[in-house]
Structures are given as structure tokens and as C-alpha cells.
Amino acid sequence: MNYKKLGNTDLEVSTICLGTMTWGEQNTQEEGFEQMDYALDQGVNFWDTAELYAVPPRAETYGHTEIIIGNWFKKTKKRDKVILATKVAGPMRAYLRGGANSYGLEKMTEAINDSLKRLNTDYIDLYQLHWPERHTNSFGRLGYEHKESDDWTKFEDVLGNLKRFIDAGKIREIGLSNETPWGVSKYLELSKEKNFPRMMSIQNPYSLVNRTFEIGLAEISIREEIGLLSYSPLAGGYLSGKYRNETYPKGSRMERDWNFWKYRYNTPNLKNAVEEYCKISEKFNLNISQMSLKFCEIQPFMTSVIIGATTMEQLKTNIESVNVKLNDDVIKEINKVQTFYPNPCP
Ligand SMILES: NC(=O)c1ccc[n+]([C@@H]2O[C@H](COP(=O)([O-])OP(=O)(O)OC[C@H]3O[C@@H](n4cnc5c(N)ncnc54)[C@H](OP(=O)(O)O)[C@@H]3O)[C@@H](O)[C@H]2O)c1
């Protein structure tokens, strides 16, 4: 396994992070336990979850993934072996503390205390804001519509709230997710100016079919030591090549939950781009999933690639990607495909 520092902290996190969002929906607790045992054994010491999970999110399964992780900690007593990241949900669904102003003090207090209880722990290593409270372009949305609205908690107040939880020992570090360059720079500036704790990571999508991070965020990420934790590095499974023949294998994410995911993956050039990446992997005798993950891992702005797996076979393949080498010819061909099909899955 490879390791990198999380932001400018002393925490050494594995460059493969164990994603968890299918546990409690597509995967059972037993399967989650098996994944955690195996991943930790392989040196994957960094795990990502969220109060919102399992996904697709539903009121009935809200918090279930954290419960599964908490049960594993209780059973194995290995809480101290893991650098655990979770997230407070932004405004969206009424069952999440009523929707609006999720990052205000009262709601955040409730969110943290509930997460700690579900996770069977008294501290969280990295506490992330799952998505911005304000109206902005997250989750691949284009066509920015500016809305001047006061209906979001001021960044200063959010940082002040987070500081209280750090001071109380409930969280160690803080991070962003689904943020824009403006949001990242604003948070960092305020932390410097007013001596608040600083954001140490940004969790956004990044994969061969979505390299938009390179445009506006890569620079700030490196200059300011706020590394990327990339989610959906296999574009929900597309970059395993499993959807190549227009069929959805039984039990796969797109077969089960297409209606939920189509906003992200129903794009005209995704299949064409995946086809080209599959051809490159075949030409160089690489496993397409491993080639896709390794491409993410070697980016200079990358701290850790958050993998998702629903079977042990997938998990093993994905973790093994750290040992794959991509030579210059592979990278050259990958970059060529990007010019033909730039970010088909933003
Ligand atoms: N911050 C956010 O807003 C956000 C959003 C999304 C995800 N995340 C985090 O990132 C993690 C990973 O995201 P993701 O699940 O979307 O990642 P992904 O790597 O793009 O997709 C993972 C899915 O692809 C399929 N797959 C994985 N490895 C495979 C392999 N070797 N061969 C064939 N199929 C394979 C599996 O689905 P099937 O078996 O069903 O086909 C698996 O669930 C999540 O668990 C979560 O922790 C965060």
C-alpha cells in the first residue's frame, strides 16, 4: 500500500480509501465486515462514510452504513487502526433534520452526536461537509444560476462550529466535499485570517471520464495542501467495462438503481469513451478497473482514491491497483481519448 499525508496534518492515509456507501443497501452487514477485515489487512487504513448512507439514500436506510461500521468497531476493537472519515449532510431531504441550514450549530451538533453514537466511537478523524449549503454547481450541474440568498450558514460560522467540536475532541480534522474553487478558496482564506481550523481535503468526483477537477481545483489543491479524495473513480462501474455491451448485469448498480443514477451517467459520450479506455487496457494488457484507478492515484493533487466494491473479487482487484504501473505510452493514449471525449461524465 502507498500512503500520503492528509493535508498538512501528520495523518498518513492510504492512497486507496475504502468507500462504504453500498453497505446497508446493496451489501449486507456481513459483507461490509468482510470488506473491512480484508481492506485493513491490506493496509487500507482510511475509510470514508457519511451519515446519509446507504445510497441510494432513503429515510429507511439513513445512517445504516455508519451503524455497520460501528458494529465492526465494537466486534473487533480496532477503532484505533482506522482513519475514519464521515460527513454531515447538506440540505436536501426533509428527513435530514428538516432540510435547510444543515451546518448551523444546532443541527451540526445533532449530526455529530448521532454519527458518533452510530459509529460506536468518541471521535471522528475527518469530518466533511457533504455538499455546499448554498445554491451552486455541485454533482456535475452546468449552467450556473446565481442566487443571492442568505439562506446558508456563513462560512465563518461553519468554521466556528467545527472548531467547537475539534476543541471538544469529537473531531480531529475537517474537509470539504462537492465544493467549487470559490468555496475552497473562501474557506481557506477565512481560516488563515481568523485563525480557524483549516479544511484538509476535498472530496469530489474524479475519474478517466471526469477530469474537471484539473481545471479549477488542481492548482489550489496542490498550492494549499488540500488534497483530493476522489469519489466514483470507476464512474459507478462503467470503467470496469461491465456495461460495454449495452447490457446491465443482474444486481449491478445500474441494473438496480438506474433511475437514481441516470442524472450522472446518462450522457451521450460515456460509452464511447469507456470503449476507448477498454481498448487501451487491452492493448497494454492491463485490467481496465486497475488502469482507471491507478490513473487517479498517480495524480499530483490526489491524496486518496475512494474505491467502492460490492464483491470481494472487486475489492481485491481494486486494492491491487496500487501495484500496477502505467507507462508513458499508456498515459499518452489516455490523454488522447480525453481530447476526443472530454469529461463525458461531469
Ligand atoms: N462525496 C460524495 O458526494 C460521494 C459521492 C459518491 C461516492 N462517494 C464515496 O466514494 C465511494 C466510491 O464511490 P463509487 O461507489 O461511486 O465508486 P466507483 O468506483 O465509481 O463505483 C463503484 C461500483 O462499481 C462497481 N465496481 C467496482 N469495482 C469493480 C470491479 N473491479 N469490477 C466490476 N465492477 C466494479 C461496483 O458496483 P456494482 O457491483 O453494483 O456494479 C461498485 O459498487 C463511495 O462508497 C463513497 O464512500 C462520495
# chains A, B, ... in the order shown; residues from 1 in each chain; ligands from 1
$ residues_near_ligand --ligand "ligand 1" --cutoff "8 Å" --atoms "only C-alpha atoms and all ligand atoms" --output "PDB file with C-alpha atoms, in the first residue's frame"
ATOM      1  CA  LEU A  18     -12.377   2.226   1.485  1.00  0.00           C
ATOM      2  CA  GLY A  19     -15.727   3.551   0.265  1.00  0.00           C
ATOM      3  CA  THR A  20     -18.741   2.231   2.109  1.00  0.00           C
ATOM      4  CA  MET A  21     -21.912   3.651   0.633  1.00  0.00           C
ATOM      5  CA  THR A  22     -23.332   0.352  -0.657  1.00  0.00           C
ATOM      6  CA  GLN A  26     -26.682  -3.314  -1.969  1.00  0.00           C
ATOM      7  CA  TRP A  47     -12.290   4.697   5.317  1.00  0.00           C
ATOM      8  CA  ASP A  48     -14.993   7.018   4.079  1.00  0.00           C
ATOM      9  CA  THR A  49     -18.616   7.055   5.083  1.00  0.00           C
ATOM     10  CA  ALA A  50     -21.459   9.574   5.633  1.00  0.00           C
ATOM     11  CA  HIS A 130     -21.032  16.593   2.250  1.00  0.00           C
ATOM     12  CA  TRP A 131     -22.065  19.347  -0.162  1.00  0.00           C
ATOM     13  CA  PHE A 139     -22.854  16.992  -8.782  1.00  0.00           C
ATOM     14  CA  SER A 177     -16.902  17.699  -0.498  1.00  0.00           C
ATOM     15  CA  ASN A 178     -18.572  18.604  -3.778  1.00  0.00           C
ATOM     16  CA  GLN A 203     -13.853  15.002  -1.764  1.00  0.00           C
ATOM     17  CA  ASN A 204     -15.041  15.483  -5.336  1.00  0.00           C
ATOM     18  CA  PRO A 205     -15.598  13.151  -8.286  1.00  0.00           C
ATOM     19  CA  SER A 207     -12.061   9.524 -12.958  1.00  0.00           C
ATOM     20  CA  SER A 230     -11.683  11.240  -5.390  1.00  0.00           C
ATOM     21  CA  TYR A 231     -15.040   9.558  -5.410  1.00  0.00           C
ATOM     22  CA  SER A 232     -16.611   7.439  -8.166  1.00  0.00           C
ATOM     23  CA  PRO A 233     -13.205   6.645  -9.720  1.00  0.00           C
ATOM     24  CA  LEU A 234     -14.796   3.893 -11.824  1.00  0.00           C
ATOM     25  CA  ALA A 235     -17.773   6.056 -12.834  1.00  0.00           C
ATOM     26  CA  GLY A 236     -20.100   3.844 -10.843  1.00  0.00           C
ATOM     27  CA  GLY A 237     -18.762   0.698 -12.555  1.00  0.00           C
ATOM     28  CA  TYR A 238     -18.677   1.925 -16.177  1.00  0.00           C
ATOM     29  CA  LEU A 239     -14.875   1.965 -16.078  1.00  0.00           C
ATOM     30  CA  SER A 240     -14.797  -1.748 -15.263  1.00  0.00           C
ATOM     31  CA  GLY A 241     -16.123  -2.309 -18.785  1.00  0.00           C
ATOM     32  CA  LYS A 242     -19.139  -4.231 -17.434  1.00  0.00           C
ATOM     33  CA  PRO A 249     -25.572  -7.380 -15.440  1.00  0.00           C
ATOM     34  CA  GLY A 251     -27.555  -6.980  -9.459  1.00  0.00           C
ATOM     35  CA  SER A 252     -25.170  -4.306 -10.779  1.00  0.00           C
ATOM     36  CA  ARG A 253     -25.629  -0.692  -9.686  1.00  0.00           C
ATOM     37  CA  MET A 254     -27.123   0.477 -12.975  1.00  0.00           C
ATOM     38  CA  GLU A 255     -29.447  -2.506 -13.219  1.00  0.00           C
ATOM     39  CA  ARG A 256     -30.718  -1.990  -9.655  1.00  0.00           C
ATOM     40  CA  SER A 289     -10.549  -1.182 -13.453  1.00  0.00           C
ATOM     41  CA  GLN A 290      -6.954  -1.165 -12.237  1.00  0.00           C
ATOM     42  CA  ILE A 306     -12.084   6.224  -2.700  1.00  0.00           C
ATOM     43  CA  ILE A 307     -12.963   2.835  -4.102  1.00  0.00           C
ATOM     44  CA  GLY A 308     -16.351   1.144  -3.984  1.00  0.00           C
ATOM     45  CA  ALA A 309     -16.887  -2.596  -4.270  1.00  0.00           C
ATOM     46  CA  THR A 310     -19.864  -4.860  -3.884  1.00  0.00           C
ATOM     47  CA  THR A 311     -17.966  -8.166  -4.022  1.00  0.00           C
ATOM     48  CA  GLU A 313     -13.394 -10.038  -6.033  1.00  0.00           C
ATOM     49  CA  GLN A 314     -13.933  -6.382  -6.962  1.00  0.00           C
ATOM     50  CA  LEU A 315     -12.366  -5.235  -3.711  1.00  0.00           C
ATOM     51  CA  LYS A 316      -9.256  -7.350  -4.271  1.00  0.00           C
ATOM     52  CA  THR A 317      -8.874  -6.160  -7.862  1.00  0.00           C
ATOM     53  CA  ASN A 318      -9.284  -2.540  -6.835  1.00  0.00           C
TER      54      ASN A 318
END
$ select_by_dssp --residues "range 51-124 of chain A" --states "strand (DSSP E or B)" --output "PDB file with C-alpha atoms, in the first residue's frame"
ATOM      1  CA  ILE A  83      -8.544   6.845   9.991  1.00  0.00           C
ATOM      2  CA  LEU A  84     -12.250   7.354   9.754  1.00  0.00           C
ATOM      3  CA  ALA A  85     -13.934   9.979   7.612  1.00  0.00           C
ATOM      4  CA  THR A  86     -17.618  10.729   7.714  1.00  0.00           C
ATOM      5  CA  LYS A  87     -19.807  13.590   6.526  1.00  0.00           C
ATOM      6  CA  VAL A  88     -22.590  15.821   7.679  1.00  0.00           C
ATOM      7  CA  ILE A 124     -14.098  11.153  14.012  1.00  0.00           C
TER       8      ILE A 124
END
$ closest_residue --among "A:Leu208, A:Leu162, A:Met92, A:Met36" --to "Leu105 in chain A" --atoms "only C-alpha atoms"
A:Leu162
$ atom_distance --atom1 "CA of Ile171 in chain A" --atom2 "CA of Pro197 in chain A"
11.3 Å
$ residues_around --residues "range 142-153 of chain A" --least-positions-apart "4" --cutoff "9 Å" --atoms "only C-alpha atoms" --output "MDAnalysis selection string"
chainID A and resid 100:104 132:138 157:158 346
$ write_last_selection --atoms "N, CA and C atoms" --output "PDB file, in the first residue's frame"
ATOM      1  N   ALA A 100     -33.057  22.598   5.428  1.00  0.00           N
ATOM      2  CA  ALA A 100     -32.192  23.793   5.334  1.00  0.00           C
ATOM      3  C   ALA A 100     -31.228  23.979   6.517  1.00  0.00           C
ATOM      4  N   ASN A 101     -30.255  24.856   6.292  1.00  0.00           N
ATOM      5  CA  ASN A 101     -29.277  25.273   7.318  1.00  0.00           C
ATOM      6  C   ASN A 101     -28.646  24.119   8.085  1.00  0.00           C
ATOM      7  N   SER A 102     -28.191  23.131   7.343  1.00  0.00           N
ATOM      8  CA  SER A 102     -27.640  21.924   7.967  1.00  0.00           C
ATOM      9  C   SER A 102     -26.348  22.160   8.717  1.00  0.00           C
ATOM     10  N   TYR A 103     -25.648  23.255   8.378  1.00  0.00           N
ATOM     11  CA  TYR A 103     -24.352  23.449   9.008  1.00  0.00           C
ATOM     12  C   TYR A 103     -24.388  24.492  10.134  1.00  0.00           C
ATOM     13  N   GLY A 104     -25.595  24.846  10.561  1.00  0.00           N
ATOM     14  CA  GLY A 104     -25.752  25.686  11.748  1.00  0.00           C
ATOM     15  C   GLY A 104     -25.395  24.869  12.986  1.00  0.00           C
ATOM     16  N   PRO A 132     -22.182  21.767  -0.508  1.00  0.00           N
ATOM     17  CA  PRO A 132     -22.420  23.143  -0.053  1.00  0.00           C
ATOM     18  C   PRO A 132     -23.896  23.387   0.280  1.00  0.00           C
ATOM     19  N   GLU A 133     -24.093  24.209   1.292  1.00  0.00           N
ATOM     20  CA  GLU A 133     -25.469  24.589   1.646  1.00  0.00           C
ATOM     21  C   GLU A 133     -26.049  25.564   0.627  1.00  0.00           C
ATOM     22  N   ARG A 134     -25.127  26.388   0.095  1.00  0.00           N
ATOM     23  CA  ARG A 134     -25.599  27.423  -0.828  1.00  0.00           C
ATOM     24  C   ARG A 134     -25.952  26.809  -2.179  1.00  0.00           C
ATOM     25  N   HIS A 135     -26.657  27.583  -2.995  1.00  0.00           N
ATOM     26  CA  HIS A 135     -27.027  27.136  -4.330  1.00  0.00           C
ATOM     27  C   HIS A 135     -25.815  27.275  -5.240  1.00  0.00           C
ATOM     28  N   THR A 136     -25.209  26.170  -5.631  1.00  0.00           N
ATOM     29  CA  THR A 136     -24.066  26.246  -6.542  1.00  0.00           C
ATOM     30  C   THR A 136     -24.019  24.996  -7.403  1.00  0.00           C
ATOM     31  N   ASN A 137     -22.983  24.916  -8.261  1.00  0.00           N
ATOM     32  CA  ASN A 137     -22.950  23.788  -9.189  1.00  0.00           C
ATOM     33  C   ASN A 137     -22.168  22.599  -8.643  1.00  0.00           C
ATOM     34  N   SER A 138     -22.843  21.767  -7.869  1.00  0.00           N
ATOM     35  CA  SER A 138     -22.241  20.509  -7.443  1.00  0.00           C
ATOM     36  C   SER A 138     -22.864  19.391  -8.268  1.00  0.00           C
ATOM     37  N   ASP A 157     -19.151  31.071  10.428  1.00  0.00           N
ATOM     38  CA  ASP A 157     -19.901  30.370  11.481  1.00  0.00           C
ATOM     39  C   ASP A 157     -19.708  28.859  11.378  1.00  0.00           C
ATOM     40  N   VAL A 158     -19.648  28.362  10.128  1.00  0.00           N
ATOM     41  CA  VAL A 158     -19.430  26.918   9.953  1.00  0.00           C
ATOM     42  C   VAL A 158     -18.075  26.545  10.568  1.00  0.00           C
ATOM     43  N   PRO A 346     -19.506  14.656 -16.322  1.00  0.00           N
ATOM     44  CA  PRO A 346     -19.030  15.676 -15.382  1.00  0.00           C
ATOM     45  C   PRO A 346     -19.708  15.579 -14.001  1.00  0.00           C
TER      46      PRO A 346
END
$ closest_residue --among "A:Arg141, A:Arg198, A:Lys163, A:Lys294" --to "Met108 in chain A" --atoms "only C-alpha atoms"
A:Lys163
$ select_by_dssp --residues "range 191-272 of chain A" --states "alpha helix (DSSP H)" --output "PyMOL selection string"
chain A and resi 191-194+213-216+218-223+253-265+270-272
$ closest_residue --among "A:Tyr95, A:Phe295, A:Tyr265, A:Phe213" --to "Glu51 in chain A" --atoms "only C-alpha atoms"
A:Tyr95
$ closest_residue --among "A:Ile67, A:Val44, A:Ile220, A:Met1" --to "Leu188 in chain A" --atoms "only C-alpha atoms"
A:Ile220
$ closest_residue --among "A:Met199, A:Ile166, A:Ala39, A:Leu119" --to "Gly70 in chain A" --atoms "only C-alpha atoms"
A:Leu119
$ residues_around --residues "Thr9 in chain A" --least-positions-apart "5" --cutoff "10 Å" --atoms "only C-alpha atoms" --output "list in words"
Arg172, Glu173, Met200 and Glu225 of chain A
$ write_last_selection --atoms "C-alpha atoms" --output "mmCIF file, in the first residue's frame"
data_model
loop_
_atom_site.group_PDB
_atom_site.id
_atom_site.type_symbol
_atom_site.label_atom_id
_atom_site.label_comp_id
_atom_site.auth_asym_id
_atom_site.auth_seq_id
_atom_site.Cartn_x
_atom_site.Cartn_y
_atom_site.Cartn_z
ATOM 1 C CA ARG A 172 -9.795 15.776 14.584
ATOM 2 C CA GLU A 173 -9.681 17.295 11.092
ATOM 3 C CA MET A 200 -7.561 19.443 4.906
ATOM 4 C CA GLU A 225 -2.160 21.292 0.550
#
$ closest_residue --among "A:Ile222, A:Val209, A:Leu229, A:Ile69" --to "Ser292 in chain A" --atoms "only C-alpha atoms"
A:Val209
$ atom_distance --atom1 "CA of Lys325 in chain A" --atom2 "CA of Met291 in chain A"
8.4 Å
$ atom_distance --atom1 "CA of Leu96 in chain A" --atom2 "CA of Leu116 in chain A"
16.2 Å
